[in-house]
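Structure below is protein_12.pdb: PDB, C-alpha atoms, pLDDT in the B column.
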```pdb
MODEL        1
ATOM      1  CA  MET A 157       0.000   0.000   0.000  1.00 48.00           C
ATOM      2  CA  GLY A 158       1.335   3.405  -0.949  1.00 59.00           C
ATOM      3  CA  CYS A 159       0.871   6.729   0.812  1.00 64.00           C
ATOM      4  CA  ASN A 160      -2.001   7.622  -1.502  1.00 58.00           C
ATOM      5  CA  GLU A 161      -4.017   4.739   0.005  1.00 66.00           C
ATOM      6  CA  CYS A 162      -2.924   5.038   3.640  1.00 64.00           C
ATOM      7  CA  THR A 163      -5.503   6.422   6.058  1.00 67.00           C
ATOM      8  CA  HIS A 164      -3.227   7.152   9.012  1.00 65.00           C
ATOM      9  CA  PRO A 165      -4.708  10.215  10.753  1.00 67.00           C
ATOM     10  CA  SER A 166      -1.469  12.036  11.643  1.00 68.00           C
ATOM     11  CA  CYS A 167       0.668  11.360   8.540  1.00 72.00           C
ATOM     12  CA  GLN A 168       1.182  14.403   6.303  1.00 68.00           C
ATOM     13  CA  HIS A 169       1.357  12.197   3.170  1.00 66.00           C
ATOM     14  CA  SER A 170      -1.748  10.116   3.832  1.00 68.00           C
ATOM     15  CA  LEU A 171      -4.983   9.982   1.900  1.00 70.00           C
ATOM     16  CA  ASN A 172      -6.676  11.833   4.764  1.00 71.00           C
ATOM     17  CA  SER A 173      -4.455  14.901   4.433  1.00 75.00           C
ATOM     18  CA  LEU A 174      -3.863  14.985   0.640  1.00 85.00           C
ATOM     19  CA  GLY A 175      -7.127  13.535  -0.714  1.00 85.00           C
ATOM     20  CA  ILE A 176      -9.142  16.125  -2.638  1.00 87.00           C
ATOM     21  CA  GLY A 177     -12.259  14.395  -3.940  1.00 86.00           C
ATOM     22  CA  GLN A 178     -13.840  11.417  -5.652  1.00 87.00           C
ATOM     23  CA  CYS A 179     -12.313  10.357  -8.966  1.00 83.00           C
ATOM     24  CA  VAL A 180     -14.158  11.588 -12.035  1.00 80.00           C
ATOM     25  CA  GLU A 181     -13.683   8.291 -13.926  1.00 82.00           C
ATOM     26  CA  CYS A 182     -13.868   5.358 -11.509  1.00 83.00           C
ATOM     27  CA  ASP A 183     -16.228   4.610  -8.624  1.00 83.00           C
ATOM     28  CA  GLY A 184     -13.988   3.904  -5.657  1.00 84.00           C
ATOM     29  CA  GLY A 185     -10.963   6.086  -6.329  1.00 86.00           C
ATOM     30  CA  VAL A 186      -9.890   9.310  -4.669  1.00 87.00           C
ATOM     31  CA  LEU A 187      -7.918  12.076  -6.365  1.00 87.00           C
ATOM     32  CA  VAL A 188      -4.819  12.668  -4.240  1.00 88.00           C
ATOM     33  CA  LEU A 189      -2.483  15.680  -4.487  1.00 88.00           C
ATOM     34  CA  ASP A 190       1.117  14.791  -5.326  1.00 87.00           C
ATOM     35  CA  PRO A 191       3.072  17.148  -3.014  1.00 85.00           C
ATOM     36  CA  THR A 192       6.364  16.556  -4.855  1.00 84.00           C
ATOM     37  CA  SER A 193       5.075  17.414  -8.328  1.00 83.00           C
ATOM     38  CA  GLY A 194       5.557  21.207  -8.201  1.00 77.00           C
ATOM     39  CA  PRO A 195       5.906  23.468 -10.140  1.00 83.00           C
ATOM     40  CA  LYS A 196       3.859  21.287 -12.537  1.00 86.00           C
ATOM     41  CA  TRP A 197       1.332  20.289  -9.902  1.00 87.00           C
ATOM     42  CA  ARG A 198      -0.863  17.238 -10.328  1.00 87.00           C
ATOM     43  CA  MET A 199      -3.295  15.036  -8.512  1.00 86.00           C
ATOM     44  CA  ALA A 200      -3.835  11.397  -9.385  1.00 86.00           C
ATOM     45  CA  CYS A 201      -6.429   8.757  -8.642  1.00 86.00           C
ATOM     46  CA  ASN A 202      -5.256   6.108  -6.212  1.00 83.00           C
ATOM     47  CA  THR A 203      -6.998   3.278  -8.114  1.00 85.00           C
ATOM     48  CA  CYS A 204      -7.146   4.125 -11.845  1.00 84.00           C
ATOM     49  CA  ASN A 205      -4.887   5.969 -14.298  1.00 84.00           C
ATOM     50  CA  VAL A 206      -6.531   9.412 -14.148  1.00 84.00           C
ATOM     51  CA  VAL A 207      -4.101  12.305 -13.675  1.00 87.00           C
ATOM     52  CA  VAL A 208      -5.209  15.920 -13.301  1.00 85.00           C
ATOM     53  CA  HIS A 209      -2.607  18.578 -14.092  1.00 86.00           C
ATOM     54  CA  PHE A 210      -3.278  21.964 -12.544  1.00 85.00           C
ATOM     55  CA  PHE A 211      -1.814  25.249 -11.299  1.00 82.00           C
ATOM     56  CA  GLU A 212       1.398  25.225 -13.307  1.00 83.00           C
ATOM     57  CA  HIS A 213       4.084  27.569 -11.916  1.00 81.00           C
ATOM     58  CA  ALA A 214       2.361  27.855  -8.522  1.00 86.00           C
ATOM     59  CA  HIS A 215       4.683  28.228  -5.537  1.00 87.00           C
ATOM     60  CA  ARG A 216       2.549  26.269  -3.135  1.00 89.00           C
ATOM     61  CA  VAL A 217      -0.538  24.069  -3.382  1.00 89.00           C
ATOM     62  CA  GLN A 218      -2.097  22.783  -0.159  1.00 89.00           C
ATOM     63  CA  VAL A 219      -5.263  20.900   0.665  1.00 89.00           C
ATOM     64  CA  ALA A 220      -7.369  22.975   3.062  1.00 88.00           C
ATOM     65  CA  GLN A 221      -9.400  21.563   5.945  1.00 88.00           C
ATOM     66  CA  GLU A 222     -12.654  22.997   4.566  1.00 90.00           C
ATOM     67  CA  SER A 223     -14.726  21.274   1.899  1.00 88.00           C
ATOM     68  CA  CYS A 224     -16.840  22.515  -1.013  1.00 87.00           C
ATOM     69  CA  GLU A 225     -20.523  23.004  -0.237  1.00 88.00           C
ATOM     70  CA  ALA A 226     -21.594  21.938  -3.743  1.00 87.00           C
ATOM     71  CA  CYS A 227     -19.562  18.771  -4.383  1.00 86.00           C
ATOM     72  CA  ASP A 228     -18.021  17.951  -0.954  1.00 87.00           C
ATOM     73  CA  ALA A 229     -14.451  17.983  -2.333  1.00 87.00           C
ATOM     74  CA  SER A 230     -11.661  19.443  -0.227  1.00 89.00           C
ATOM     75  CA  LEU A 231     -10.751  23.043  -0.994  1.00 90.00           C
ATOM     76  CA  VAL A 232      -7.284  23.810  -2.332  1.00 90.00           C
ATOM     77  CA  ALA A 233      -5.174  26.826  -1.334  1.00 91.00           C
ATOM     78  CA  VAL A 234      -2.892  27.987  -4.145  1.00 89.00           C
ATOM     79  CA  ASP A 235      -0.092  30.564  -3.964  1.00 90.00           C
ATOM     80  CA  PHE A 236       1.192  31.871  -7.323  1.00 85.00           C
ATOM     81  CA  ASN A 237       4.236  33.939  -8.243  1.00 82.00           C
ATOM     82  CA  LYS A 238       3.271  37.615  -8.552  1.00 81.00           C
ATOM     83  CA  THR A 239       4.825  37.906 -12.033  1.00 82.00           C
ATOM     84  CA  ARG A 240       3.259  34.719 -13.482  1.00 81.00           C
ATOM     85  CA  THR A 241      -0.114  34.600 -11.776  1.00 82.00           C
ATOM     86  CA  PRO A 242      -3.072  33.521 -13.947  1.00 82.00           C
ATOM     87  CA  LEU A 243      -5.531  34.820 -11.370  1.00 79.00           C
ATOM     88  CA  PRO A 244      -7.664  37.886 -12.187  1.00 78.00           C
ATOM     89  CA  ALA A 245      -6.518  41.350 -11.066  1.00 81.00           C
ATOM     90  CA  GLY A 246      -2.975  40.090 -10.382  1.00 81.00           C
ATOM     91  CA  GLU A 247      -3.934  38.209  -7.227  1.00 84.00           C
ATOM     92  CA  THR A 248      -1.394  35.669  -6.013  1.00 86.00           C
ATOM     93  CA  GLN A 249      -3.440  33.598  -3.538  1.00 89.00           C
ATOM     94  CA  HIS A 250      -6.767  31.875  -3.926  1.00 87.00           C
ATOM     95  CA  THR A 251      -8.591  29.116  -2.090  1.00 90.00           C
ATOM     96  CA  GLY A 252     -11.379  27.238  -3.784  1.00 88.00           C
ATOM     97  CA  CYS A 253     -12.743  23.988  -5.160  1.00 88.00           C
ATOM     98  CA  VAL A 254     -10.815  22.446  -8.040  1.00 87.00           C
ATOM     99  CA  PHE A 255     -14.055  21.256  -9.661  1.00 86.00           C
ATOM    100  CA  CYS A 256     -16.544  24.071  -8.944  1.00 86.00           C
ATOM    101  CA  ASP A 257     -14.590  27.330  -8.593  1.00 86.00           C
ATOM    102  CA  PRO A 258     -14.829  29.418 -11.805  1.00 87.00           C
ATOM    103  CA  VAL A 259     -11.374  30.920 -11.146  1.00 85.00           C
ATOM    104  CA  PHE A 260      -9.808  27.449 -11.281  1.00 81.00           C
ATOM    105  CA  GLN A 261     -11.801  26.145 -14.296  1.00 80.00           C
ATOM    106  CA  ASP A 262      -9.217  27.132 -16.930  1.00 81.00           C
ATOM    107  CA  LEU A 263      -6.269  25.973 -14.820  1.00 82.00           C
ATOM    108  CA  VAL A 264      -7.287  22.290 -14.565  1.00 80.00           C
ATOM    109  CA  GLU A 265      -6.501  19.687 -17.248  1.00 78.00           C
ATOM    110  CA  LEU A 266      -7.636  16.045 -17.067  1.00 72.00           C
ATOM    111  CA  LYS A 267      -5.406  13.341 -18.588  1.00 70.00           C
ATOM    112  CA  HIS A 268      -4.906   9.601 -18.496  1.00 63.00           C
ATOM    113  CA  ALA A 269      -1.537   8.286 -17.407  1.00 64.00           C
ATOM    114  CA  THR A 270       0.257   5.970 -19.825  1.00 57.00           C
ATOM    115  CA  MET A 271       3.342   3.876 -19.476  1.00 52.00           C
ATOM    116  CA  ARG A 272       6.059   4.962 -21.836  1.00 52.00           C
ATOM    117  CA  TYR A 273       8.022   2.147 -23.416  1.00 52.00           C
ATOM    118  CA  ARG A 274      11.690   2.775 -23.454  1.00 53.00           C
ATOM    119  CA  GLY A 275      13.603   0.661 -25.914  1.00 53.00           C
ATOM    120  CA  GLY A 276      17.014  -0.485 -25.033  1.00 53.00           C
ATOM    121  CA  GLY A 277      17.535  -3.973 -23.813  1.00 53.00           C
ATOM    122  CA  ALA A 278      20.624  -5.774 -25.019  1.00 53.00           C
ATOM    123  CA  ARG A 279      22.719  -3.664 -27.326  1.00 54.00           C
ATOM    124  CA  ARG A 280      25.696  -4.731 -29.338  1.00 54.00           C
ATOM    125  CA  GLY A 281      28.641  -2.706 -30.437  1.00 52.00           C
ATOM    126  CA  GLY A 282      29.014  -0.569 -27.349  1.00 54.00           C
ATOM    127  CA  ARG A 283      31.897   1.696 -26.531  1.00 61.00           C
ATOM    128  CA  GLY A 284      35.284   0.671 -25.274  1.00 60.00           C
ATOM    129  CA  ARG A 285      37.208  -2.562 -25.608  1.00 65.00           C
ATOM    130  CA  GLY A 286      35.771  -5.879 -26.574  1.00 59.00           C
ATOM    131  CA  ARG A 287      33.540  -4.813 -29.419  1.00 59.00           C
ATOM    132  CA  GLY A 288      34.614  -7.754 -31.505  1.00 58.00           C
ATOM    133  CA  ARG A 289      35.758  -7.725 -35.075  1.00 58.00           C
ATOM    134  CA  ARG A 290      33.842  -5.899 -37.716  1.00 62.00           C
ATOM    135  CA  GLY A 291      33.879  -6.586 -41.405  1.00 61.00           C
ATOM    136  CA  ASN A 292      35.980  -9.379 -42.888  1.00 65.00           C
ATOM    137  CA  PRO A 293      38.576 -10.915 -40.596  1.00 63.00           C
ATOM    138  CA  LYS A 294      42.100 -11.037 -41.991  1.00 66.00           C
ATOM    139  CA  LYS A 295      42.888 -14.281 -43.781  1.00 61.00           C
ATOM    140  CA  PRO A 296      46.178 -16.064 -43.068  1.00 53.00           C
ATOM    141  CA  LYS A 297      48.753 -15.689 -45.805  1.00 67.00           C
ATOM    142  CA  ASP A 298      49.962 -19.263 -46.033  1.00 76.00           C
ATOM    143  CA  LYS A 299      48.626 -22.786 -45.499  1.00 77.00           C
ATOM    144  CA  MET A 300      50.576 -23.432 -42.293  1.00 78.00           C
ATOM    145  CA  ALA A 301      49.153 -20.264 -40.683  1.00 77.00           C
ATOM    146  CA  ALA A 302      45.673 -21.301 -41.826  1.00 77.00           C
ATOM    147  CA  LEU A 303      46.179 -24.759 -40.317  1.00 78.00           C
ATOM    148  CA  ALA A 304      47.467 -23.286 -37.043  1.00 79.00           C
ATOM    149  CA  ALA A 305      44.527 -20.840 -36.911  1.00 78.00           C
ATOM    150  CA  TYR A 306      42.149 -23.767 -37.520  1.00 79.00           C
ATOM    151  CA  PHE A 307      43.371 -25.763 -34.499  1.00 80.00           C
ATOM    152  CA  VAL A 308      43.520 -22.792 -32.128  1.00 74.00           C
TER
ENDMDL
END
```
Is it possible to give me this structure as structure tokens?
Amino acid sequence: MGCNECTHPSCQHSLNSLGIGQCVECDGGVLVLDPTSGPKWRMACNTCNVVVHFFEHAHRVQVAQESCEACDASLVAVDFNKTRTPLPAGETQHTGCVFCDPVFQDLVELKHATMRYRGGGARRGGRGRGRGRRGNPKKPKDKMAALAAYFV
């Protein structure tokens, strides 16, 4: 079990402290804030492959103790840089619901996580010694050298 499934009441990484709301795709999942994902903040479902990217370039994103009156999701407190804030009127801080707040609507992007295949595996012809011979090997010049090379 990972931290996004743990329900320990005093742990700062548990589902109780970082869980935001029910997953929008699956029935039993909870969207959990990834506290190490900044400045490209994201929350992910703890059961399916839904990933929600939000609040890019924010300094701090924290899950508040209060919850939304409309959808019962936890409110999120966001602190933006004053030069790169997307908030209206140059505000840098805002607390609201990720799903219902009209200020946050344009800052949330839903995606599905995919595994990226990285090729590689066994490679031949690497760097350094021991690459082996390439091309045609040199042929012995006389029959005795050919015979000696055959038995070696």
Running the PyMOL selection byres ((chain A and resi 256) around 10) on this model by hand, what would come out? Give it as a PyMOL selection string. chain A and resi 224-227+229+231+252-255+257-261
If I take atom CA of His250 of chain A and atom CA of Lys267 of chain A, how far is one from the other in Å, to one decimal? 23.7 Å
Could you state which residues are captured by the PyMOL selection byres ((chain A and resi 189-198) around 8) in this file, as an MDAnalysis selection string? chainID A and resid 174:176 187:188 199:200 207:217 219
Could you state the separation of atom CA of Ala220 of chain A and atom CA of Ala233 of chain A in Å, given to one decimal place? 6.2 Å
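Atom pair atom CA of Leu243 of chain A / atom CA of Val186 of chain A has a distance of 26.7 Å (rounded to one decimal).
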Please complete segment 173-193 of chain A so it has N, CA, C and O atoms, and hand it over as an mmCIF file, keeping the file's coordinate frame.
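Wrote it out as selection-v5.cif, contents follow:
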```
data_model
loop_
_atom_site.group_PDB
_atom_site.id
_atom_site.type_symbol
_atom_site.label_atom_id
_atom_site.label_comp_id
_atom_site.auth_asym_id
_atom_site.auth_seq_id
_atom_site.Cartn_x
_atom_site.Cartn_y
_atom_site.Cartn_z
ATOM 1 N N SER A 173 -4.931 13.520 4.484
ATOM 2 C CA SER A 173 -4.455 14.901 4.433
ATOM 3 C C SER A 173 -4.270 15.420 3.010
ATOM 4 O O SER A 173 -4.298 16.627 2.794
ATOM 5 N N LEU A 174 -4.096 14.539 2.011
ATOM 6 C CA LEU A 174 -3.863 14.985 0.640
ATOM 7 C C LEU A 174 -4.988 14.625 -0.324
ATOM 8 O O LEU A 174 -4.930 14.991 -1.494
ATOM 9 N N GLY A 175 -6.001 13.896 0.141
ATOM 10 C CA GLY A 175 -7.127 13.535 -0.714
ATOM 11 C C GLY A 175 -7.999 14.750 -0.995
ATOM 12 O O GLY A 175 -8.340 15.508 -0.092
ATOM 13 N N ILE A 176 -8.367 14.946 -2.258
ATOM 14 C CA ILE A 176 -9.142 16.125 -2.638
ATOM 15 C C ILE A 176 -10.602 15.778 -2.880
ATOM 16 O O ILE A 176 -11.490 16.447 -2.369
ATOM 17 N N GLY A 177 -10.873 14.748 -3.661
ATOM 18 C CA GLY A 177 -12.259 14.395 -3.940
ATOM 19 C C GLY A 177 -12.365 13.073 -4.668
ATOM 20 O O GLY A 177 -11.365 12.442 -4.997
ATOM 21 N N GLN A 178 -13.596 12.664 -4.947
ATOM 22 C CA GLN A 178 -13.840 11.417 -5.652
ATOM 23 C C GLN A 178 -13.307 11.517 -7.076
ATOM 24 O O GLN A 178 -13.364 12.571 -7.702
ATOM 25 N N CYS A 179 -12.822 10.401 -7.604
ATOM 26 C CA CYS A 179 -12.313 10.357 -8.966
ATOM 27 C C CYS A 179 -13.454 10.592 -9.955
ATOM 28 O O CYS A 179 -14.581 10.153 -9.726
ATOM 29 N N VAL A 180 -13.146 11.276 -11.039
ATOM 30 C CA VAL A 180 -14.158 11.588 -12.035
ATOM 31 C C VAL A 180 -14.403 10.428 -12.994
ATOM 32 O O VAL A 180 -15.385 10.434 -13.725
ATOM 33 N N GLU A 181 -13.549 9.413 -13.002
ATOM 34 C CA GLU A 181 -13.683 8.291 -13.926
ATOM 35 C C GLU A 181 -14.150 7.010 -13.248
ATOM 36 O O GLU A 181 -15.049 6.354 -13.737
ATOM 37 N N CYS A 182 -13.529 6.636 -12.141
ATOM 38 C CA CYS A 182 -13.868 5.358 -11.509
ATOM 39 C C CYS A 182 -14.743 5.585 -10.279
ATOM 40 O O CYS A 182 -14.932 6.712 -9.834
ATOM 41 N N ASP A 183 -15.274 4.501 -9.730
ATOM 42 C CA ASP A 183 -16.228 4.610 -8.624
ATOM 43 C C ASP A 183 -15.560 4.735 -7.260
ATOM 44 O O ASP A 183 -15.965 5.551 -6.451
ATOM 45 N N GLY A 184 -14.533 3.942 -7.003
ATOM 46 C CA GLY A 184 -13.988 3.904 -5.657
ATOM 47 C C GLY A 184 -12.731 4.703 -5.438
ATOM 48 O O GLY A 184 -12.185 4.719 -4.333
ATOM 49 N N GLY A 185 -12.233 5.392 -6.453
ATOM 50 C CA GLY A 185 -10.963 6.086 -6.329
ATOM 51 C C GLY A 185 -11.085 7.476 -5.756
ATOM 52 O O GLY A 185 -12.138 8.106 -5.794
ATOM 53 N N VAL A 186 -9.975 7.962 -5.224
ATOM 54 C CA VAL A 186 -9.890 9.310 -4.669
ATOM 55 C C VAL A 186 -8.744 10.028 -5.361
ATOM 56 O O VAL A 186 -7.649 9.469 -5.529
ATOM 57 N N LEU A 187 -8.976 11.263 -5.781
ATOM 58 C CA LEU A 187 -7.918 12.076 -6.365
ATOM 59 C C LEU A 187 -7.049 12.629 -5.239
ATOM 60 O O LEU A 187 -7.545 13.288 -4.331
ATOM 61 N N VAL A 188 -5.758 12.337 -5.305
ATOM 62 C CA VAL A 188 -4.819 12.668 -4.240
ATOM 63 C C VAL A 188 -3.756 13.620 -4.797
ATOM 64 O O VAL A 188 -3.184 13.373 -5.859
ATOM 65 N N LEU A 189 -3.504 14.718 -4.092
ATOM 66 C CA LEU A 189 -2.483 15.680 -4.487
ATOM 67 C C LEU A 189 -1.104 15.049 -4.350
ATOM 68 O O LEU A 189 -0.796 14.416 -3.343
ATOM 69 N N ASP A 190 -0.271 15.232 -5.380
ATOM 70 C CA ASP A 190 1.117 14.791 -5.326
ATOM 71 C C ASP A 190 1.944 15.976 -4.832
ATOM 72 O O ASP A 190 2.192 16.920 -5.585
ATOM 73 N N PRO A 191 2.388 15.970 -3.568
ATOM 74 C CA PRO A 191 3.072 17.148 -3.014
ATOM 75 C C PRO A 191 4.465 17.381 -3.583
ATOM 76 O O PRO A 191 5.034 18.443 -3.403
ATOM 77 N N THR A 192 5.026 16.403 -4.296
ATOM 78 C CA THR A 192 6.364 16.556 -4.855
ATOM 79 C C THR A 192 6.336 16.922 -6.332
ATOM 80 O O THR A 192 7.386 16.950 -6.966
ATOM 81 N N SER A 193 5.177 17.207 -6.892
ATOM 82 C CA SER A 193 5.075 17.414 -8.328
ATOM 83 C C SER A 193 5.280 18.863 -8.761
ATOM 84 O O SER A 193 5.286 19.134 -9.952
#
```
